Structure formats: structure tokens, C-alpha cells
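Below: start_5.cif (mmCIF, C-alpha atoms, pLDDT in the B column; chains and numbers go by the auth columns)
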data_my_file
loop_
_atom_site.group_PDB
_atom_site.id
_atom_site.type_symbol
_atom_site.label_atom_id
_atom_site.label_comp_id
_atom_site.label_asym_id
_atom_site.label_seq_id
_atom_site.Cartn_x
_atom_site.Cartn_y
_atom_site.Cartn_z
_atom_site.B_iso_or_equiv
_atom_site.auth_seq_id
_atom_site.auth_asym_id
ATOM 1 C CA MET A 1 38.300 82.184 -1.423 87.00 647 A
ATOM 2 C CA VAL A 2 36.963 82.007 -4.965 90.00 648 A
ATOM 3 C CA LEU A 3 34.887 78.927 -4.199 88.00 649 A
ATOM 4 C CA THR A 4 33.421 80.604 -1.123 89.00 650 A
ATOM 5 C CA GLY A 5 32.346 83.471 -3.367 92.00 651 A
ATOM 6 C CA VAL A 6 30.874 80.990 -5.844 91.00 652 A
ATOM 7 C CA THR A 7 28.959 79.315 -3.018 89.00 653 A
ATOM 8 C CA ALA A 8 27.545 82.658 -1.893 90.00 654 A
ATOM 9 C CA GLY A 9 26.684 83.630 -5.465 92.00 655 A
ATOM 10 C CA VAL A 10 24.905 80.362 -6.216 90.00 656 A
ATOM 11 C CA ALA A 11 22.855 80.746 -3.035 88.00 657 A
ATOM 12 C CA PHE A 12 21.103 83.718 -4.636 92.00 658 A
ATOM 13 C CA ILE A 13 20.277 81.832 -7.849 92.00 659 A
ATOM 14 C CA ASP A 14 17.082 79.771 -7.863 91.00 660 A
ATOM 15 C CA LEU A 15 18.010 76.369 -9.262 89.00 661 A
ATOM 16 C CA GLY A 16 14.974 74.572 -7.911 89.00 662 A
ATOM 17 C CA PRO A 17 15.804 71.127 -6.585 84.00 663 A
ATOM 18 C CA PHE A 18 19.402 71.435 -7.805 89.00 664 A
ATOM 19 C CA ASN A 19 20.350 74.002 -5.132 88.00 665 A
ATOM 20 C CA THR A 20 21.313 71.231 -2.723 85.00 666 A
ATOM 21 C CA ILE A 21 23.253 69.301 -5.343 87.00 667 A
ATOM 22 C CA VAL A 22 25.251 72.348 -6.424 90.00 668 A
ATOM 23 C CA ALA A 23 25.970 73.373 -2.825 88.00 669 A
ATOM 24 C CA LEU A 24 27.149 69.861 -1.900 86.00 670 A
ATOM 25 C CA THR A 25 29.303 69.649 -5.026 90.00 671 A
ATOM 26 C CA ILE A 26 31.055 72.929 -4.259 92.00 672 A
ATOM 27 C CA ALA A 27 31.502 71.953 -0.597 90.00 673 A
ATOM 28 C CA SER A 28 32.944 68.577 -1.601 86.00 674 A
ATOM 29 C CA PHE A 29 35.385 70.214 -3.984 91.00 675 A
ATOM 30 C CA LYS A 30 36.513 72.623 -1.272 92.00 676 A
ATOM 31 C CA ALA A 31 36.987 69.705 1.126 87.00 677 A
ATOM 32 C CA VAL A 32 39.122 67.867 -1.446 84.00 678 A
ATOM 33 C CA LEU A 33 41.310 70.947 -1.866 90.00 679 A
ATOM 34 C CA VAL A 34 41.761 71.199 1.901 89.00 680 A
ATOM 35 C CA VAL A 35 42.733 67.536 2.169 82.00 681 A
ATOM 36 C CA LEU A 36 45.126 67.639 -0.773 83.00 682 A
ATOM 37 C CA PHE A 37 46.994 70.829 0.019 87.00 683 A
ATOM 38 C CA PHE A 38 46.567 71.737 3.693 87.00 684 A
ATOM 39 C CA MET A 39 46.817 68.157 4.944 83.00 685 A
ATOM 40 C CA HIS A 40 49.690 67.486 2.518 81.00 686 A
ATOM 41 C CA VAL A 41 48.116 64.362 1.061 77.00 687 A
ATOM 42 C CA LYS A 42 49.038 65.344 -2.486 78.00 688 A
ATOM 43 C CA TYR A 43 52.744 65.206 -1.740 80.00 689 A
ATOM 44 C CA THR A 44 52.838 62.010 0.314 78.00 690 A
ATOM 45 C CA SER A 45 54.056 58.727 -1.098 78.00 691 A
ATOM 46 C CA GLU A 46 52.788 56.405 1.633 85.00 692 A
ATOM 47 C CA LYS A 47 50.333 53.791 0.430 87.00 693 A
ATOM 48 C CA LEU A 48 48.417 53.747 3.715 87.00 694 A
ATOM 49 C CA THR A 49 47.662 57.471 3.469 84.00 695 A
ATOM 50 C CA LYS A 50 46.372 57.110 -0.070 82.00 696 A
ATOM 51 C CA THR A 51 44.272 54.092 0.917 88.00 697 A
ATOM 52 C CA VAL A 52 42.678 56.010 3.785 87.00 698 A
ATOM 53 C CA VAL A 53 41.945 58.986 1.535 81.00 699 A
ATOM 54 C CA ILE A 54 40.348 56.766 -1.116 88.00 700 A
ATOM 55 C CA ALA A 55 38.239 55.040 1.540 93.00 701 A
ATOM 56 C CA ALA A 56 37.166 58.421 2.952 88.00 702 A
ATOM 57 C CA ILE A 57 36.175 59.692 -0.496 85.00 703 A
ATOM 58 C CA PHE A 58 34.199 56.508 -1.146 95.00 704 A
ATOM 59 C CA TRP A 59 32.422 56.910 2.206 95.00 705 A
ATOM 60 C CA LEU A 60 31.644 60.563 1.465 86.00 706 A
ATOM 61 C CA LEU A 61 30.218 59.693 -1.954 91.00 707 A
ATOM 62 C CA LEU A 62 28.132 56.907 -0.444 96.00 708 A
ATOM 63 C CA LEU A 63 26.678 59.262 2.149 93.00 709 A
ATOM 64 C CA LEU A 64 25.991 61.959 -0.448 87.00 710 A
ATOM 65 C CA VAL A 65 24.256 59.534 -2.806 92.00 711 A
ATOM 66 C CA LEU A 66 22.082 58.105 -0.040 93.00 712 A
ATOM 67 C CA SER A 67 21.252 61.584 1.290 91.00 713 A
ATOM 68 C CA LEU A 68 20.312 62.868 -2.146 87.00 714 A
ATOM 69 C CA ALA A 69 18.238 59.737 -2.821 89.00 715 A
ATOM 70 C CA ASP A 70 16.328 60.341 0.409 88.00 716 A
ATOM 71 C CA TYR A 71 15.949 64.028 -0.389 84.00 717 A
ATOM 72 C CA SER A 72 14.643 63.345 -3.891 83.00 718 A
ATOM 73 C CA THR A 73 12.039 60.834 -2.673 84.00 719 A
ATOM 74 C CA ARG A 74 10.762 63.317 -0.091 83.00 720 A
ATOM 75 C CA MET A 75 10.364 65.963 -2.797 68.00 721 A
ATOM 76 C CA LEU A 76 8.142 63.701 -4.891 61.00 722 A
ATOM 77 C CA SER A 77 5.685 62.752 -2.157 56.00 723 A
#

Encoded form (C-alpha cells):
Amino acid sequence: MVLTGVTAGVAFIDLGPFNTIVALTIASFKAVLVVLFFMHVKYTSEKLTKTVVIAAIFWLLLLLVLSLADYSTRMLS
């Protein structure tokens, strides 16, 4: 609930081109909390589960980096 309030609060602050980066960072952190606690990944000891989670995080970071790279090149032109 706190992070949802932070997201709403940051939406009213003008950070220029960093608005998207801050919003995606907060959303990613909230998603990690959901996966760890509500999907019980933090308390599992299976190697396959941890491998899938690591692969998913890598994929998410790859998509975020490529999206932000595209976004930043569109801002410059």
C-alpha cells in the first residue's frame, strides 16, 4: 500500500524524462514483492523455481532496458 502511495505521489512531481524510469522502477519493485511473498518464492527450496524466477527477472530487465533505450532515442529526435 505504501508503494502505491509513492507511485501516486511521484506522478504529481515533474521529473522530466525520469518520470518513466521512476514509475517502472517502483512497479518492478512491487512486482518482486508480489512474487516473493504472495507466490511463496522466497520460502521455496526447489532449484527449478529459483531458476525460473532468475530467468524471468533477466527477461524483465532485458525488456525494460530495450524499452528505455527506444524511449530515450525517440526523445532526442

Pick out the residues sitting within 12 Å of Ile700 of chain A, and hand them over as a short mmCIF file (atom, residue, chain, number, x, y, z; two decimals) with C-alpha atoms, keeping the file's coordinate frame; count only C-alpha atoms, and ignore anything fewer than 5 positions along from it in its own chain.
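Saved result, out.cif, follows:
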data_model
loop_
_atom_site.label_atom_id
_atom_site.label_comp_id
_atom_site.auth_asym_id
_atom_site.auth_seq_id
_atom_site.Cartn_x
_atom_site.Cartn_y
_atom_site.Cartn_z
CA VAL A 678 39.12 67.87 -1.45
CA VAL A 681 42.73 67.54 2.17
CA LEU A 682 45.13 67.64 -0.77
CA VAL A 687 48.12 64.36 1.06
CA LYS A 693 50.33 53.79 0.43
CA LEU A 694 48.42 53.75 3.72
CA THR A 695 47.66 57.47 3.47
CA TRP A 705 32.42 56.91 2.21
CA LEU A 706 31.64 60.56 1.46
CA LEU A 707 30.22 59.69 -1.95
#

Quick one: pull the distance between atom CA of Phe704 of chain A and atom CA of Val680 of chain A, Å, one decimal.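 Atom-to-atom, atom CA of Phe704 of chain A to atom CA of Val680 of chain A, that is 16.8 Å.
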
Which distance in Å separates atom CA of Val668 of chain A and atom CA of Ala701 of chain A, to one decimal? 23.1 Å

Give the answer as one residue: which of A:Ala677, A:Leu670, A:Tyr717, A:Thr653 has the shortest atom-to-atom distance to Val699 of chain A, using only C-alpha atoms? A:Ala677

Residues around (20.5, 78.8, -3.6), cut-off 8 Å, counting only C-alpha atoms - what are they as number ranges by chain? A: 656-661, 665-666, 669

Identify which of the residues A:Tyr689, A:Pro663, A:Phe683, A:Phe675 lies closest to Ile703 of chain A, counting all atoms listed in the file when measuring atom-to-atom distances.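 Residue with the minimum atom-to-atom distance to Ile703 of chain A: A:Phe675.
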
Any idea what the distance is between atom CA of Val698 of chain A and atom CA of Val652 of chain A?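 Those two atoms sit 29.3 Å apart.
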
If you take every atom of segment 666-685 of chain A that the file lists and fit an axis-aligned box around them with 3 Å extra on each side, what centre and edge lengths come out in Å to one decimal, as AutoDock Vina command-line options?
--center_x 34.2 --center_y 70.5 --center_z -0.7 --size_x 31.7 --size_y 11.8 --size_z 17.4

Between A:Gly651, A:Lys688, A:Ala715, A:Ala702, which residue has the minimum interatomic distance to Ala673 of chain A, considering only C-alpha atoms?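 Between A:Gly651, A:Lys688, A:Ala715, A:Ala702, the residue approaching Ala673 of chain A most closely is A:Gly651.
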
Under the rule that only C-alpha atoms are counted, which of A:Ala654, A:Leu708, A:Val648, A:Leu714 is the nearest residue to Lys676 of chain A?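 Closest residue, counting only C-alpha atoms: A:Val648.
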
Between A:Met647, A:Thr671, A:Gly655, A:Phe664, which is the closest to Ser718 of chain A once you count only C-alpha atoms?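 Nearest candidate to Ser718 of chain A out of A:Met647, A:Thr671, A:Gly655, A:Phe664: A:Phe664.
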
How would segment 660-689 of chain A look with N, CA and C atoms restored, written as a compact mmCIF listing (two decimals), in the coordinates of the input?
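result.txt, freshly written:
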# COMPACT_ATOMS: atom_id res chain seq x y z
N ASP A 660 18.09 80.81 -8.09
CA ASP A 660 17.08 79.77 -7.86
C ASP A 660 17.28 78.65 -8.88
N LEU A 661 17.79 77.53 -8.40
CA LEU A 661 18.01 76.37 -9.26
C LEU A 661 16.99 75.27 -9.02
N GLY A 662 16.00 75.57 -8.23
CA GLY A 662 14.97 74.57 -7.91
C GLY A 662 15.56 73.47 -7.04
N PRO A 663 15.30 72.23 -7.41
CA PRO A 663 15.80 71.13 -6.58
C PRO A 663 17.32 70.91 -6.70
N PHE A 664 17.96 71.61 -7.62
CA PHE A 664 19.40 71.44 -7.80
C PHE A 664 20.24 72.32 -6.88
N ASN A 665 19.60 73.17 -6.08
CA ASN A 665 20.35 74.00 -5.13
C ASN A 665 21.19 73.16 -4.19
N THR A 666 20.60 72.10 -3.66
CA THR A 666 21.31 71.23 -2.72
C THR A 666 22.46 70.51 -3.42
N ILE A 667 22.22 70.03 -4.60
CA ILE A 667 23.25 69.30 -5.34
C ILE A 667 24.44 70.21 -5.65
N VAL A 668 24.18 71.41 -6.10
CA VAL A 668 25.25 72.35 -6.42
C VAL A 668 26.02 72.74 -5.16
N ALA A 669 25.30 73.00 -4.08
CA ALA A 669 25.97 73.37 -2.82
C ALA A 669 26.85 72.23 -2.30
N LEU A 670 26.36 71.00 -2.36
CA LEU A 670 27.15 69.86 -1.90
C LEU A 670 28.35 69.60 -2.81
N THR A 671 28.19 69.83 -4.10
CA THR A 671 29.30 69.65 -5.03
C THR A 671 30.42 70.65 -4.75
N ILE A 672 30.05 71.90 -4.56
CA ILE A 672 31.06 72.93 -4.26
C ILE A 672 31.72 72.65 -2.92
N ALA A 673 30.94 72.26 -1.92
CA ALA A 673 31.50 71.95 -0.60
C ALA A 673 32.44 70.75 -0.67
N SER A 674 32.08 69.75 -1.45
CA SER A 674 32.94 68.58 -1.60
C SER A 674 34.25 68.95 -2.29
N PHE A 675 34.18 69.79 -3.29
CA PHE A 675 35.38 70.21 -3.98
C PHE A 675 36.30 71.01 -3.06
N LYS A 676 35.71 71.87 -2.23
CA LYS A 676 36.51 72.62 -1.27
C LYS A 676 37.15 71.69 -0.25
N ALA A 677 36.43 70.66 0.18
CA ALA A 677 36.99 69.70 1.13
C ALA A 677 38.15 68.93 0.51
N VAL A 678 38.03 68.57 -0.76
CA VAL A 678 39.12 67.87 -1.45
C VAL A 678 40.36 68.76 -1.53
N LEU A 679 40.17 70.03 -1.82
CA LEU A 679 41.31 70.95 -1.87
C LEU A 679 41.99 71.07 -0.51
N VAL A 680 41.20 71.12 0.55
CA VAL A 680 41.76 71.20 1.90
C VAL A 680 42.58 69.95 2.21
N VAL A 681 42.02 68.79 1.89
CA VAL A 681 42.73 67.54 2.17
C VAL A 681 44.02 67.45 1.35
N LEU A 682 43.95 67.79 0.08
CA LEU A 682 45.13 67.64 -0.77
C LEU A 682 46.25 68.59 -0.40
N PHE A 683 45.94 69.84 -0.17
CA PHE A 683 46.99 70.83 0.02
C PHE A 683 47.31 71.12 1.48
N PHE A 684 46.29 71.36 2.31
CA PHE A 684 46.57 71.74 3.69
C PHE A 684 46.93 70.55 4.57
N MET A 685 46.46 69.35 4.19
CA MET A 685 46.82 68.16 4.94
C MET A 685 47.97 67.41 4.27
N HIS A 686 48.50 67.99 3.22
CA HIS A 686 49.69 67.49 2.52
C HIS A 686 49.53 66.06 1.97
N VAL A 687 48.34 65.69 1.60
CA VAL A 687 48.12 64.36 1.06
C VAL A 687 48.62 64.27 -0.38
N LYS A 688 48.61 65.36 -1.09
CA LYS A 688 49.04 65.34 -2.49
C LYS A 688 50.52 64.99 -2.60
N TYR A 689 51.30 65.38 -1.63
CA TYR A 689 52.74 65.21 -1.74
C TYR A 689 53.27 64.00 -0.97
